[in-house]
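Colleague: This is the structure I want to talk about, given as structure tokens.
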Amino acid sequence: MKKRLLPTLLLVLSVFSTQAQDRLVIFFKDKNNSTFSLNNPSQFLSQRAIDRRLRQNIAIDSSDLPVNTGYVQALANAGANVLNVSKWFNAAIVEIGSTSVLNAIMALPFVQSSVDVGRPGPGGHVDKFQIESPLQRSKSPSSAKNNNLSYGYAAGQIQQLNLAPLHLSGHRGQGLCIAVLDAGFLDLPQMSCFDSLRLSNRIDATWDFVDREPDVYDDHYHGSAVLSCMASLVPDSLIGTAPGANYILLRSEDAGTEYIIEEYNWCIAAEFADSAGADIINSSLGYTTFDDPSQDHTYSDMDGDTNPSTIAADWAAAKGIVVVNSAGNSGNSNWNYIGAPADADSILSIGAVDNNGFYASFSSNGPSFDGRVKPDVAACGSGTWLYSPYSNNQPVQGNGTSFSSPLLAGAVACLWQAQPLVNGQDLIEAVRASAHQNLNPDTLLGHGIPDFSFAGQLLGVQFPANPENAQLLVYPNPSVGTSIRFVIQPQSGQTVEWRIFDICGRQVQSGSARTQPGQLFSQEIDVLPTDGLYSLVVTDGDRRYVARLVVN
């Protein structure tokens with residue numbers, strides 16, 4: 001993890017012509033004379049937040065201390081309207097209406113600098129988020145069932161991550177808290193896919209940092225769609241990747257505009273998530289260019305050290321949170337590259353593939369400007385099954401890394417539940433290492449599509465004695481132009497049957513053979529003609545094994 005340095009723009013006084021209701025970030029020199037003490041962290045951190053630090057041997061330091069309340073009050077006394085406050089940046093976001101107010105603020109002895117971050121009013125990014133129109137469903141939901149889980153339309157996107165073994169082992173996110181940073185969660189209380197979430201009181205907190213109120217259910221639909229990828233629990237229709245987790249719902253994004261103030265809102269929302277005890281942050285948000293071109297980022301800014309939200313994402317990671325962020329949807333645009341905070345070096349940035357495991361052309365490309373592998377990994381973001389407030393409580397498909405990111409975040413929650421003493425960075429490394437092209441990462445999918453069963457094994461997760469994928473050896477896997485062989489220890493005198501399915505659940509190959517008592521059974525399978533992800537299902541009497549095959 002790199003040492004975070006404040007970018008130059010934060011250390012130099014901005015020069016600008018003040019207009020009505022300019023919005024600025026005011027940076028303070030210190031946190032002196034604070035009413036808070038590091039000796040009493042429960043004043044400003046929840047017990048969950050303190051416990052997370054203790055588990056990962058993370059010290060509580062001055063960055064955890066709230067901003068000096070006297071400094072904030074002094075800004076208000078000078079005529080500023082204080083919108084939000086950031087302890088990590090040691091700053092306040094304010095609105096001011098005149099140059100004289102700014103001059104009075106800058107004369108205060110504890111003020112270091114300021115930066116202009118935008119102003120209220122219409123912007124040029126109206127409805128930055130779009131879900132593709134519902135697709136015609138030419139097939140019924142998958143009938144694939146795993147014990148008491150029937151994934152319905154979500155079967156393919158769950159299978160693609162090989163997440164079912166964790167679910168089968170009882171790891172569905174229970175006890176983990178995921179903070180969702182988004183543009184709003186429109187009509188969430190009326191969406192039946194969240195009935196289980198509401199009835200079990202697993203929405204731990206809500207806050208709108210744009211309108212500064214607790215109601216996050218009256219703004220934008222995007223967050224509801226994102227959350228459905230994780231939290232939905234509708235058997236035979238759609239089950240999310242973490243249907244048992246707790247959630248914190250935070251609105252940091254103003255969907256109708258794009259100013260850099262939203263990156264600071266992102267930071268403040270992440271601080272809230274940290275203090276409230278979130279374990280994971282999912283952010284299906286990204287920043288490249290703005291309604292005010294003077295605020296635009298360039299590709300050279302995507303170096304992991306420059307952008308406000310990037311710095312904040314690494315702050316969150318330093319507090320022991322696993323940050324999962326969409327890579328962006330600029331793959332077909334002139335920008336092409338990842339946005340902020342996806343360039344952060346200590347987080348998981350998520351690209352998109354389709355249901356067959358192939359790169360989705362809209363998914364933003366890497367690497368980061370300083371040459372690091374980005375995106376880190378990928379999940380289904382093209383044709384992702386989800387719920388929308390506009391879908392009449394029926395699953396629809398959507399396109400975007402906005403949806404591959406929460407699929408991954410939910411899977412991370414299940415993995416962390418299975419091995420709760422692992423620190424966040426080791427968890428991230430296991431996810432990367434499990435991905436199908438980890439040995440040869442590229443600029444489109446990074447390390448590739450993770451295998452969460454394999455990631456669990458890397459972390460020492462002890463699966464039940466006979467899960468679906470136990471006692472089955474497959475090699476080489478991934479396969480590049482060679483045959484694949486599987487080996488099992490069969491029951492005596494049984495006939496072994498094997499079937500191979502593509503990612504859509506279509507059977508593409510099958511076979512059977514009689515086993516010999518007391519001998520390992522080994523079977524060679526010709527390489528499948530099309531690159532992609534497949535499932536191998538081996539049946540040996542009353543035993544059933546499942547493994548994921550990667551052909552590239």
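Chain labels run A, B, ... following the order of the structure tokens; each chain numbers its residues from 1, and ligands are numbered from 1 in the order shown.
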Run DSSP on the backbone of this structure and report the residues of range 358-513 of chain A it assigns to alpha helix (DSSP H), as a count of residues only.
Modeller: 36
Colleague: Which residues are near Asn33 in chain A? Cut-off 12 Å, only C-alpha atoms, ignore same chain within fewer than 4 positions. Put them as a list of chain:residue names.
Modeller: A:Ser37, A:Leu65, A:Pro66, A:Val67, A:Asn68, A:Thr69, A:Gly70, A:Tyr71, A:Phe110
Colleague: Among the residues of range 120-289 of chain A, find those DSSP assigns to strand (DSSP E or B) from the backbone and print them as a PDB file with N, CA and C atoms, in the first residue's frame.
Modeller:
```pdb
ATOM      1  N   SER A 142     -33.090 -20.750 -14.538  1.00  0.00           N
ATOM      2  CA  SER A 142     -32.374 -22.007 -14.353  1.00  0.00           C
ATOM      3  C   SER A 142     -32.993 -22.816 -13.228  1.00  0.00           C
ATOM      4  N   SER A 143     -33.073 -24.106 -13.420  1.00  0.00           N
ATOM      5  CA  SER A 143     -33.599 -24.973 -12.370  1.00  0.00           C
ATOM      6  C   SER A 143     -32.492 -25.493 -11.462  1.00  0.00           C
ATOM      7  N   ALA A 144     -31.247 -25.028 -11.724  1.00  0.00           N
ATOM      8  CA  ALA A 144     -30.127 -25.503 -10.915  1.00  0.00           C
ATOM      9  C   ALA A 144     -30.336 -25.149  -9.458  1.00  0.00           C
ATOM     10  N   LYS A 145     -30.311 -26.159  -8.607  1.00  0.00           N
ATOM     11  CA  LYS A 145     -30.525 -25.943  -7.173  1.00  0.00           C
ATOM     12  C   LYS A 145     -29.326 -26.478  -6.401  1.00  0.00           C
ATOM     13  N   ASN A 146     -29.005 -25.788  -5.326  1.00  0.00           N
ATOM     14  CA  ASN A 146     -27.937 -26.204  -4.447  1.00  0.00           C
ATOM     15  C   ASN A 146     -28.497 -26.239  -3.036  1.00  0.00           C
ATOM     16  N   LEU A 149     -30.932 -23.567  -1.961  1.00  0.00           N
ATOM     17  CA  LEU A 149     -30.798 -22.381  -2.792  1.00  0.00           C
ATOM     18  C   LEU A 149     -31.188 -22.721  -4.221  1.00  0.00           C
ATOM     19  N   SER A 150     -32.095 -21.968  -4.793  1.00  0.00           N
ATOM     20  CA  SER A 150     -32.421 -22.081  -6.207  1.00  0.00           C
ATOM     21  C   SER A 150     -32.225 -20.701  -6.799  1.00  0.00           C
ATOM     22  N   TYR A 151     -31.152 -20.545  -7.561  1.00  0.00           N
ATOM     23  CA  TYR A 151     -30.694 -19.211  -7.956  1.00  0.00           C
ATOM     24  C   TYR A 151     -31.548 -18.553  -9.024  1.00  0.00           C
ATOM     25  N   GLY A 152     -32.368 -19.339  -9.733  1.00  0.00           N
ATOM     26  CA  GLY A 152     -33.185 -18.749 -10.779  1.00  0.00           C
ATOM     27  C   GLY A 152     -32.330 -18.138 -11.872  1.00  0.00           C
ATOM     28  N   CYS A 177     -20.869  -6.582   7.034  1.00  0.00           N
ATOM     29  CA  CYS A 177     -21.620  -5.375   6.701  1.00  0.00           C
ATOM     30  C   CYS A 177     -21.020  -4.738   5.448  1.00  0.00           C
ATOM     31  N   ILE A 178     -21.860  -4.514   4.440  1.00  0.00           N
ATOM     32  CA  ILE A 178     -21.443  -3.913   3.176  1.00  0.00           C
ATOM     33  C   ILE A 178     -22.052  -2.522   3.073  1.00  0.00           C
ATOM     34  N   ALA A 179     -21.220  -1.508   2.925  1.00  0.00           N
ATOM     35  CA  ALA A 179     -21.703  -0.148   2.669  1.00  0.00           C
ATOM     36  C   ALA A 179     -21.790   0.051   1.166  1.00  0.00           C
ATOM     37  N   VAL A 180     -22.919   0.544   0.700  1.00  0.00           N
ATOM     38  CA  VAL A 180     -23.149   0.779  -0.719  1.00  0.00           C
ATOM     39  C   VAL A 180     -23.181   2.282  -0.952  1.00  0.00           C
ATOM     40  N   LEU A 181     -22.193   2.796  -1.695  1.00  0.00           N
ATOM     41  CA  LEU A 181     -22.127   4.209  -2.045  1.00  0.00           C
ATOM     42  C   LEU A 181     -22.705   4.373  -3.435  1.00  0.00           C
ATOM     43  N   ASP A 182     -23.749   5.206  -3.565  1.00  0.00           N
ATOM     44  CA  ASP A 182     -24.433   5.274  -4.847  1.00  0.00           C
ATOM     45  C   ASP A 182     -25.190   6.594  -4.979  1.00  0.00           C
ATOM     46  N   ILE A 203     -30.690  -3.523   7.332  1.00  0.00           N
ATOM     47  CA  ILE A 203     -30.217  -2.222   6.850  1.00  0.00           C
ATOM     48  C   ILE A 203     -29.784  -1.444   8.086  1.00  0.00           C
ATOM     49  N   ASP A 204     -28.487  -1.358   8.302  1.00  0.00           N
ATOM     50  CA  ASP A 204     -27.953  -0.829   9.553  1.00  0.00           C
ATOM     51  C   ASP A 204     -28.023   0.689   9.639  1.00  0.00           C
ATOM     52  N   ALA A 205     -27.904   1.369   8.516  1.00  0.00           N
ATOM     53  CA  ALA A 205     -27.912   2.834   8.532  1.00  0.00           C
ATOM     54  C   ALA A 205     -28.137   3.350   7.121  1.00  0.00           C
ATOM     55  N   THR A 206     -28.630   4.585   7.022  1.00  0.00           N
ATOM     56  CA  THR A 206     -28.771   5.268   5.742  1.00  0.00           C
ATOM     57  C   THR A 206     -28.374   6.729   5.940  1.00  0.00           C
ATOM     58  N   TRP A 207     -27.835   7.341   4.889  1.00  0.00           N
ATOM     59  CA  TRP A 207     -27.612   8.792   4.919  1.00  0.00           C
ATOM     60  C   TRP A 207     -27.392   9.305   3.502  1.00  0.00           C
ATOM     61  N   ASP A 208     -27.972  10.473   3.237  1.00  0.00           N
ATOM     62  CA  ASP A 208     -27.853  11.160   1.952  1.00  0.00           C
ATOM     63  C   ASP A 208     -26.907  12.337   2.148  1.00  0.00           C
ATOM     64  N   GLU A 213     -29.692  14.288   4.607  1.00  0.00           N
ATOM     65  CA  GLU A 213     -30.875  13.776   5.287  1.00  0.00           C
ATOM     66  C   GLU A 213     -30.792  12.251   5.327  1.00  0.00           C
ATOM     67  N   LEU A 233     -33.211 -11.957  -2.412  1.00  0.00           N
ATOM     68  CA  LEU A 233     -33.458 -13.327  -1.956  1.00  0.00           C
ATOM     69  C   LEU A 233     -34.857 -13.726  -2.399  1.00  0.00           C
ATOM     70  N   VAL A 234     -34.949 -14.176  -3.657  1.00  0.00           N
ATOM     71  CA  VAL A 234     -36.217 -14.627  -4.231  1.00  0.00           C
ATOM     72  C   VAL A 234     -35.949 -15.985  -4.872  1.00  0.00           C
ATOM     73  N   LEU A 238     -34.316 -15.009  -8.394  1.00  0.00           N
ATOM     74  CA  LEU A 238     -32.998 -14.390  -8.372  1.00  0.00           C
ATOM     75  C   LEU A 238     -32.501 -14.298  -6.932  1.00  0.00           C
ATOM     76  N   ILE A 239     -31.309 -14.815  -6.713  1.00  0.00           N
ATOM     77  CA  ILE A 239     -30.644 -14.731  -5.409  1.00  0.00           C
ATOM     78  C   ILE A 239     -29.323 -14.011  -5.617  1.00  0.00           C
ATOM     79  N   ASN A 246     -25.478  -7.687   6.160  1.00  0.00           N
ATOM     80  CA  ASN A 246     -26.068  -6.414   6.555  1.00  0.00           C
ATOM     81  C   ASN A 246     -25.581  -5.324   5.612  1.00  0.00           C
ATOM     82  N   TYR A 247     -26.343  -4.240   5.509  1.00  0.00           N
ATOM     83  CA  TYR A 247     -26.011  -3.193   4.544  1.00  0.00           C
ATOM     84  C   TYR A 247     -26.157  -1.805   5.156  1.00  0.00           C
ATOM     85  N   ILE A 248     -25.294  -0.898   4.711  1.00  0.00           N
ATOM     86  CA  ILE A 248     -25.400   0.532   4.982  1.00  0.00           C
ATOM     87  C   ILE A 248     -25.592   1.214   3.633  1.00  0.00           C
ATOM     88  N   LEU A 249     -26.629   2.032   3.504  1.00  0.00           N
ATOM     89  CA  LEU A 249     -26.995   2.632   2.217  1.00  0.00           C
ATOM     90  C   LEU A 249     -26.704   4.123   2.267  1.00  0.00           C
ATOM     91  N   LEU A 250     -25.774   4.553   1.415  1.00  0.00           N
ATOM     92  CA  LEU A 250     -25.278   5.924   1.455  1.00  0.00           C
ATOM     93  C   LEU A 250     -25.362   6.565   0.075  1.00  0.00           C
ATOM     94  N   ARG A 251     -25.978   7.734   0.019  1.00  0.00           N
ATOM     95  CA  ARG A 251     -26.038   8.487  -1.236  1.00  0.00           C
ATOM     96  C   ARG A 251     -24.932   9.550  -1.221  1.00  0.00           C
ATOM     97  N   ILE A 280     -16.946  -3.924   4.133  1.00  0.00           N
ATOM     98  CA  ILE A 280     -16.747  -3.846   2.691  1.00  0.00           C
ATOM     99  C   ILE A 280     -17.469  -2.602   2.194  1.00  0.00           C
ATOM    100  N   ILE A 281     -16.887  -1.933   1.218  1.00  0.00           N
ATOM    101  CA  ILE A 281     -17.566  -0.858   0.490  1.00  0.00           C
ATOM    102  C   ILE A 281     -17.751  -1.300  -0.942  1.00  0.00           C
ATOM    103  N   ASN A 282     -18.979  -1.233  -1.439  1.00  0.00           N
ATOM    104  CA  ASN A 282     -19.198  -1.352  -2.876  1.00  0.00           C
ATOM    105  C   ASN A 282     -19.517   0.026  -3.425  1.00  0.00           C
ATOM    106  N   SER A 283     -18.767   0.419  -4.429  1.00  0.00           N
ATOM    107  CA  SER A 283     -18.979   1.699  -5.093  1.00  0.00           C
ATOM    108  C   SER A 283     -19.068   1.462  -6.592  1.00  0.00           C
ATOM    109  N   TYR A 287     -15.093   8.539 -11.757  1.00  0.00           N
ATOM    110  CA  TYR A 287     -14.945   9.954 -12.111  1.00  0.00           C
ATOM    111  C   TYR A 287     -13.814  10.130 -13.114  1.00  0.00           C
TER     112      TYR A 287
END
```
Colleague: Please indicate the distance in Å from CA of Asn399 in chain A to CA of Cys193 in chain A, rounded to one decimal place.
Modeller: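 Computed distance, CA of Asn399 in chain A to CA of Cys193 in chain A, equals 19.5 Å.
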Colleague: Pick out the residues sitting within 10 Å of Ala360 in chain A, and hand them over as a ChimeraX atom specification; count only C-alpha atoms, and ignore anything fewer than 3 positions along from it in its own chain.
Modeller: /A:329,331-332,351-355,357,363-364,378,380-383,399-401,444-445
Colleague: Next, dump the selected residues to file, keeping only N, CA and C atoms, as a PDB file, in the first residue's frame.
Modeller:
```
ATOM      1  N   ASN A 329     -17.318   2.362 -17.478  1.00  0.00           N
ATOM      2  CA  ASN A 329     -17.956   1.908 -18.718  1.00  0.00           C
ATOM      3  C   ASN A 329     -17.467   2.706 -19.921  1.00  0.00           C
ATOM      4  N   GLY A 331     -14.990   1.779 -22.100  1.00  0.00           N
ATOM      5  CA  GLY A 331     -14.212   0.990 -23.045  1.00  0.00           C
ATOM      6  C   GLY A 331     -14.434   1.350 -24.490  1.00  0.00           C
ATOM      7  N   ASN A 332     -15.633   1.835 -24.831  1.00  0.00           N
ATOM      8  CA  ASN A 332     -15.939   2.208 -26.216  1.00  0.00           C
ATOM      9  C   ASN A 332     -15.856   3.712 -26.456  1.00  0.00           C
ATOM     10  N   GLY A 351     -13.845  -5.164 -13.660  1.00  0.00           N
ATOM     11  CA  GLY A 351     -14.261  -5.070 -15.039  1.00  0.00           C
ATOM     12  C   GLY A 351     -15.482  -5.943 -15.300  1.00  0.00           C
ATOM     13  N   ALA A 352     -15.914  -5.989 -16.557  1.00  0.00           N
ATOM     14  CA  ALA A 352     -17.148  -6.698 -16.900  1.00  0.00           C
ATOM     15  C   ALA A 352     -16.905  -7.726 -17.995  1.00  0.00           C
ATOM     16  N   VAL A 353     -17.561  -8.884 -17.822  1.00  0.00           N
ATOM     17  CA  VAL A 353     -17.658  -9.901 -18.868  1.00  0.00           C
ATOM     18  C   VAL A 353     -19.131 -10.181 -19.109  1.00  0.00           C
ATOM     19  N   ASP A 354     -19.403 -10.920 -20.187  1.00  0.00           N
ATOM     20  CA  ASP A 354     -20.784 -11.320 -20.444  1.00  0.00           C
ATOM     21  C   ASP A 354     -21.057 -12.667 -19.787  1.00  0.00           C
ATOM     22  N   ASN A 355     -22.234 -13.200 -20.035  1.00  0.00           N
ATOM     23  CA  ASN A 355     -22.617 -14.457 -19.388  1.00  0.00           C
ATOM     24  C   ASN A 355     -21.772 -15.637 -19.828  1.00  0.00           C
ATOM     25  N   GLY A 357     -18.492 -15.329 -20.186  1.00  0.00           N
ATOM     26  CA  GLY A 357     -17.157 -15.101 -19.668  1.00  0.00           C
ATOM     27  C   GLY A 357     -16.255 -14.294 -20.565  1.00  0.00           C
ATOM     28  N   SER A 363     -16.454  -2.161 -21.001  1.00  0.00           N
ATOM     29  CA  SER A 363     -15.719  -2.171 -19.733  1.00  0.00           C
ATOM     30  C   SER A 363     -14.403  -1.410 -19.880  1.00  0.00           C
ATOM     31  N   SER A 364     -14.143  -0.478 -18.973  1.00  0.00           N
ATOM     32  CA  SER A 364     -12.964   0.381 -19.064  1.00  0.00           C
ATOM     33  C   SER A 364     -11.675  -0.419 -18.977  1.00  0.00           C
ATOM     34  N   ALA A 378     -12.711  -9.437 -12.829  1.00  0.00           N
ATOM     35  CA  ALA A 378     -13.943  -9.155 -13.575  1.00  0.00           C
ATOM     36  C   ALA A 378     -15.055 -10.100 -13.144  1.00  0.00           C
ATOM     37  N   CYS A 380     -19.647 -10.782 -14.124  1.00  0.00           N
ATOM     38  CA  CYS A 380     -20.686 -10.568 -15.131  1.00  0.00           C
ATOM     39  C   CYS A 380     -21.242  -9.142 -15.020  1.00  0.00           C
ATOM     40  N   GLY A 381     -21.062  -8.345 -16.076  1.00  0.00           N
ATOM     41  CA  GLY A 381     -21.601  -6.996 -16.128  1.00  0.00           C
ATOM     42  C   GLY A 381     -22.337  -6.722 -17.418  1.00  0.00           C
ATOM     43  N   SER A 382     -22.420  -7.707 -18.279  1.00  0.00           N
ATOM     44  CA  SER A 382     -23.170  -7.592 -19.534  1.00  0.00           C
ATOM     45  C   SER A 382     -24.275  -8.638 -19.502  1.00  0.00           C
ATOM     46  N   GLY A 383     -25.507  -8.170 -19.445  1.00  0.00           N
ATOM     47  CA  GLY A 383     -26.624  -9.086 -19.280  1.00  0.00           C
ATOM     48  C   GLY A 383     -26.755  -9.589 -17.855  1.00  0.00           C
ATOM     49  N   ASN A 399     -26.619  -3.756 -18.129  1.00  0.00           N
ATOM     50  CA  ASN A 399     -25.232  -3.744 -18.583  1.00  0.00           C
ATOM     51  C   ASN A 399     -24.448  -2.684 -17.827  1.00  0.00           C
ATOM     52  N   GLY A 400     -23.262  -3.027 -17.391  1.00  0.00           N
ATOM     53  CA  GLY A 400     -22.398  -2.043 -16.766  1.00  0.00           C
ATOM     54  C   GLY A 400     -21.517  -2.664 -15.699  1.00  0.00           C
ATOM     55  N   THR A 401     -20.324  -2.096 -15.527  1.00  0.00           N
ATOM     56  CA  THR A 401     -19.489  -2.519 -14.405  1.00  0.00           C
ATOM     57  C   THR A 401     -20.150  -2.132 -13.088  1.00  0.00           C
ATOM     58  N   LEU A 444      -7.697  -5.764 -20.074  1.00  0.00           N
ATOM     59  CA  LEU A 444      -9.149  -5.813 -20.249  1.00  0.00           C
ATOM     60  C   LEU A 444      -9.838  -6.395 -19.024  1.00  0.00           C
ATOM     61  N   LEU A 445      -9.345  -7.543 -18.546  1.00  0.00           N
ATOM     62  CA  LEU A 445      -9.959  -8.229 -17.401  1.00  0.00           C
ATOM     63  C   LEU A 445      -9.010  -8.331 -16.215  1.00  0.00           C
TER      64      LEU A 445
END
```
Colleague: Determine, counting only C-alpha atoms, which protein, DNA and RNA residues have an atom within 8 Å of an atom of Ile60 in chain A; residues of the same chain fewer than 6 positions away are not included. Present the result as a VMD selection string.
Modeller: chain A and resid 38 41 53
Colleague: Keeping only N, CA and C atoms, write those residues as a PDB file, in the first residue's frame.
Modeller:
```
ATOM      1  N   LEU A  38      -7.676  10.091  21.293  1.00  0.00           N
ATOM      2  CA  LEU A  38      -7.352   8.750  20.809  1.00  0.00           C
ATOM      3  C   LEU A  38      -7.447   7.717  21.920  1.00  0.00           C
ATOM      4  N   PRO A  41     -11.583   6.012  21.812  1.00  0.00           N
ATOM      5  CA  PRO A  41     -12.059   5.934  20.427  1.00  0.00           C
ATOM      6  C   PRO A  41     -13.562   5.712  20.298  1.00  0.00           C
ATOM      7  N   ARG A  53     -10.377  -2.896  13.362  1.00  0.00           N
ATOM      8  CA  ARG A  53      -8.982  -2.498  13.503  1.00  0.00           C
ATOM      9  C   ARG A  53      -8.208  -3.484  14.382  1.00  0.00           C
TER      10      ARG A  53
END
```
Colleague: Set the distance at 7 Å and use only C-alpha atoms: which residues neighbour Pro243 in chain A once local chain neighbours fewer than 2 positions away are removed? I'd like the list as a tab-separated table (two decimals) with N, CA and C atoms, in the first residue's frame.
Modeller:
```
chain	number	residue	atom	x	y	z
A	172	ARG	N	-23.11	-16.95	3.48
A	172	ARG	CA	-23.91	-16.12	2.58
A	172	ARG	C	-23.84	-14.65	2.98
A	173	GLY	N	-22.75	-14.32	3.70
A	173	GLY	CA	-22.52	-12.94	4.10
A	173	GLY	C	-22.96	-12.60	5.50
A	230	MET	N	-26.60	-8.10	-4.85
A	230	MET	CA	-26.04	-8.69	-3.64
A	230	MET	C	-27.11	-9.23	-2.71
A	231	ALA	N	-28.16	-8.44	-2.47
A	231	ALA	CA	-29.07	-8.69	-1.35
A	231	ALA	C	-30.36	-9.39	-1.72
A	232	SER	N	-30.66	-9.55	-3.01
A	232	SER	CA	-31.92	-10.19	-3.40
A	232	SER	C	-32.02	-11.61	-2.84
A	233	LEU	N	-33.21	-11.96	-2.41
A	233	LEU	CA	-33.46	-13.33	-1.96
A	233	LEU	C	-34.86	-13.73	-2.40
A	239	ILE	N	-31.31	-14.81	-6.71
A	239	ILE	CA	-30.64	-14.73	-5.41
A	239	ILE	C	-29.32	-14.01	-5.62
A	240	GLY	N	-29.04	-13.03	-4.76
A	240	GLY	CA	-27.81	-12.26	-4.86
A	240	GLY	C	-26.62	-13.01	-4.30
A	241	THR	N	-25.46	-12.37	-4.41
A	241	THR	CA	-24.24	-13.03	-3.97
A	241	THR	C	-24.07	-13.00	-2.46
A	245	ALA	N	-26.01	-10.75	4.25
A	245	ALA	CA	-25.21	-9.67	4.82
A	245	ALA	C	-26.08	-8.53	5.34
```
Colleague: Return the single residue from A:Pro441, A:Pro165, A:Gly532, A:Gly277 that is closest to Asp376 in chain A, with distances computed using only C-alpha atoms.
Modeller: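 Checking each candidate against Asp376 in chain A, we get A:Pro441 as the closest.
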Colleague: Any idea what the distance is between CA of Phe28 in chain A and CA of Pro341 in chain A?
Modeller: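 Distance between the two atoms: 23.6 Å.
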Colleague: Under the rule that only C-alpha atoms are counted, which of A:Arg514, A:Lys29, A:Arg23, A:Arg485 is the nearest residue to Leu472 in chain A?
Modeller: A:Arg485
Colleague: Mind running range 321-392 of chain A against range 267-271 of chain A at 12 Å and telling me each contacting residue's nearest atom pair with the distance in Å (one decimal), counting only C-alpha atoms, chain and number ascending, as CSV?
Modeller:
```
residue,atom,partner,partner_atom,distance
A:Ile321,CA,A:Ala270,CA,9.6
A:Val322,CA,A:Ala270,CA,11.3
A:Val323,CA,A:Ala270,CA,9.5
A:Val324,CA,A:Ala270,CA,11.9
A:Ala340,CA,A:Cys267,CA,11.9
A:Pro341,CA,A:Cys267,CA,10.2
```
Colleague: With N, CA and C atoms kept, could you save the residues just selected as a compact mmCIF listing (two decimals), in the first residue's frame?
Modeller:
```txt
# COMPACT_ATOMS: atom_id res chain seq x y z
N ILE A 321 -10.94 -1.92 5.54
CA ILE A 321 -12.12 -2.16 4.71
C ILE A 321 -11.67 -2.69 3.36
N VAL A 322 -12.39 -3.66 2.82
CA VAL A 322 -12.17 -4.09 1.44
C VAL A 322 -13.07 -3.23 0.55
N VAL A 323 -12.44 -2.42 -0.29
CA VAL A 323 -13.17 -1.54 -1.20
C VAL A 323 -13.27 -2.21 -2.56
N VAL A 324 -14.49 -2.34 -3.06
CA VAL A 324 -14.76 -2.94 -4.36
C VAL A 324 -15.40 -1.85 -5.22
N ALA A 340 -11.46 7.24 -11.58
CA ALA A 340 -11.22 7.25 -10.13
C ALA A 340 -12.50 6.84 -9.42
N PRO A 341 -12.44 6.11 -8.31
CA PRO A 341 -11.25 5.65 -7.60
C PRO A 341 -10.75 4.28 -8.00
```
Colleague: So which residues touch Asp274 in chain A within 10 Å, counting only C-alpha atoms, skipping near sequence neighbours fewer than 6 positions away, as a PDB file with C-alpha atoms, in the first residue's frame?
Modeller:
```pdb
ATOM      1  CA  LEU A  45     -15.876   5.008  16.217  1.00  0.00           C
ATOM      2  CA  SER A  46     -18.466   2.275  16.656  1.00  0.00           C
ATOM      3  CA  ARG A  48     -17.583  -2.719  15.079  1.00  0.00           C
ATOM      4  CA  ALA A  49     -15.090  -0.226  13.643  1.00  0.00           C
ATOM      5  CA  ILE A  50     -12.799  -0.653  16.637  1.00  0.00           C
ATOM      6  CA  ARG A  52     -12.165  -4.381  12.704  1.00  0.00           C
ATOM      7  CA  ASP A  64      -9.536   8.875  12.843  1.00  0.00           C
ATOM      8  CA  ALA A 179     -21.703  -0.148   2.669  1.00  0.00           C
ATOM      9  CA  ILE A 268     -17.167  11.489   3.493  1.00  0.00           C
ATOM     10  CA  ILE A 280     -16.747  -3.846   2.691  1.00  0.00           C
ATOM     11  CA  ILE A 281     -17.566  -0.858   0.490  1.00  0.00           C
ATOM     12  CA  TRP A 315      -7.666   5.552   3.277  1.00  0.00           C
ATOM     13  CA  ALA A 316     -10.612   3.171   3.650  1.00  0.00           C
ATOM     14  CA  ALA A 317      -8.379   0.231   2.755  1.00  0.00           C
ATOM     15  CA  LYS A 319      -8.657   1.158   7.939  1.00  0.00           C
ATOM     16  CA  GLY A 320      -9.152  -2.527   7.080  1.00  0.00           C
ATOM     17  CA  ILE A 321     -12.121  -2.159   4.712  1.00  0.00           C
TER      18      ILE A 321
END
```
Colleague: Report as a list in words all protein, DNA and RNA residues lying within 7 Å of Ser483 in chain A, evaluated on only C-alpha atoms, omitting residues in the same chain fewer than 5 positions from it.
Modeller: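 Near Ser483 in chain A, the qualifying residues are Glu524, Ile525, Asp526 and Val527 of chain A.
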Colleague: CA of Gln494 in chain A to CA of Pro478 in chain A: how many Å, to one decimal?
Modeller: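 Straight-line distance from CA of Gln494 in chain A to CA of Pro478 in chain A works out to 28.7 Å.
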Colleague: My list of candidates is A:Gln21, A:Asn334, A:Asn57, A:Asn40. Which is closest to Asn423 in chain A when distances are computed with only C-alpha atoms?
Modeller: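 So, comparing all the options, the nearest one is A:Asn57.
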